[in-house]
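Report on one structure; see the data block that follows.
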Amino acid sequence: MIYPIVAYGASVLRKVASPIQPDYPKLDELIDSMWETMYASNGVGLAAPQVNLSIRLFVIDSVQIMEHLEEDEKHAYPGDEGMKEVFINAEILQLEGEEWPYNEGCLSIPKIREDVYRPEKVTLRYFDANFQENTKTFTGITARVILHEYDHIEGKLFIDYLKPLKKKLLQGKLNDISKGKWKVDYKMMLAK
Ligand code: NI
C-alpha cells in the first residue's frame, strides 16, 4: 500500500517516536508499504513518522544513489557501496569523523534542498526486518541517509540545521507547505 507522505508542519514530525515490539501488528505489511511508498516518491529513505506513525522505524536504500554516481565520484565515499536496510528501534552508539556538507532534501518538505553538515561515520544498534539485533558502522552516503532518517524518529528535520537567516528566507515556502500548498508527483497529506 502506498501511503501519503505527511507534510511539514504536522506534530508527528516533531515527536520523539516510540520503540516497537516484535509483535507489532502487521509489521511485515507495514515494512512492505514503507518500501512501496519510498520508491513511489523516488525517495532514498523514509521514516515511519512521515507516514503518520510515531514509531522508531525507517527504511533506506542508498544503493540507488551509489549506482548513479560516476566512478570518480564513488571514490569520494570509500567503504560505502550503498545499502538497502530496515532499521527498527535504532540507537546511535557513536558518531565519528569530520562533519561534511551534502545537499539534502526531504519528502515531507518538497522542493527545498540545502547543504547540511553531518559526521562521516555512525555506529548504530538496531533490529532489522526479521527483528534480528545488529550493531554496525556506516560511512559515506549511507551514513548520511541513515542520520537524516534517524533524525525523523527523534522529531528533527534537516532544516533545523540551517542558519537562522537561511531559515528565515525559507519561512514563506515552509508556511505554504504546512498549509497544503505543494506541487509534487507523489501523494502528500496534512496531519495535525
Ligand atoms: Ni526526510
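Identifiers in the C-alpha cells: chain A, B, ... in order shown; residue index from 1 per chain; ligand index from 1 in order shown.
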
*Taking only C-alpha atoms and all ligand atoms into account, which residues are within 10 Å of ligand 1, as a list in words?*
Tyr8, Leu13, Gly43, Val44, Gly45, Leu46, Ala47, Pro49, Gln50, Glu104, Gly105, Cys106, Leu107, Ser108, Ile109, Pro110, Val145, Leu147, His148, Glu149, Tyr150, Asp151, His152, Lys156, Leu157, Phe158 and Ile159 of chain A

*Compile the contact shell of region 174-188 of chain A as an MDAnalysis selection string: residues with an atom at most 10 Å away, counting only C-alpha atoms, same-chain residues fewer than 2 positions apart removed.*
chainID A and resid 2:10 37:38 40:42 50:51 107:112 159 167:172 190:192

_Between CA of Ala129 (chain A) and CA of Leu27 (chain A), what distance in Å does the model show, to one decimal?_
8.6 Å

_So that I can check the surroundings of Lys136 (chain A), please list as a ChimeraX atom specification every protein, DNA and RNA residue that reaches within 12 Å of it, counting only C-alpha atoms and ignoring chain neighbours fewer than 5 positions away._
/A:83,85,87,90-95,121-128,142-143,146

*List every residue of chain A that DSSP, applied to the backbone of this structure, assigns to alpha helix (DSSP H), and report them as a PyMOL selection string.*
chain A and resi 27-40+63-68+71-74+140-153+164-178

_Given only C-alpha atoms as the counted atoms, nearest of A:Leu53, A:Val12, A:Met1, A:Ile141 to Leu69 (chain A)_ =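 Of A:Leu53, A:Val12, A:Met1, A:Ile141, the one nearest Leu69 (chain A), counting only C-alpha atoms, is A:Ile141.
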
*Counting only C-alpha atoms, the residue of A:Gly79, A:Ser54, A:Tyr161, A:Gly140 that sits nearest Arg14 (chain A)*: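 Of A:Gly79, A:Ser54, A:Tyr161, A:Gly140, the one nearest Arg14 (chain A) is A:Ser54, counting only C-alpha atoms.
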
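If only C-alpha atoms are the atoms counted, then among A:Ile55, A:Ser33, A:Gly82, A:Lys15 the closest residue to Glu67 (chain A) is A:Gly82.
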
*So what do you get for CA of Gln132 (chain A) versus CA of Leu30 (chain A), distance-wise?*
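These atoms are spaced 17.1 Å apart.
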
*If you run DSSP over the backbone, which residues in region 37-139 of chain A end up strand (DSSP E or B)? Put them as JSON, numbers by chain.*
{"A": [45, 46, 47, 55, 57, 58, 59, 60, 61, 84, 85, 86, 87, 88, 89, 90, 91, 92, 93, 94, 95, 96, 100, 101, 102, 103, 104, 105, 106, 109, 110, 111, 112, 113, 114, 115, 116, 117, 118, 121, 122, 123, 124, 125, 126, 127, 133, 134, 135, 136, 137, 138]}

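Using only C-alpha atoms, the shortest contact distance between Phe131 (chain A) and any of A:Glu71, A:Asp61, A:Ile88, A:Tyr102 is found at A:Ile88.
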
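For the pair CA of Phe58 (chain A) and CA of Thr137 (chain A), the interatomic distance is 16.7 Å.
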
*Which of these, A:Met66, A:Lys166, A:Pro119, A:Asn130, has the shortest distance to Asp80 (chain A) once you count only C-alpha atoms?*
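With only C-alpha atoms as the atom set, the closest residue is A:Met66.
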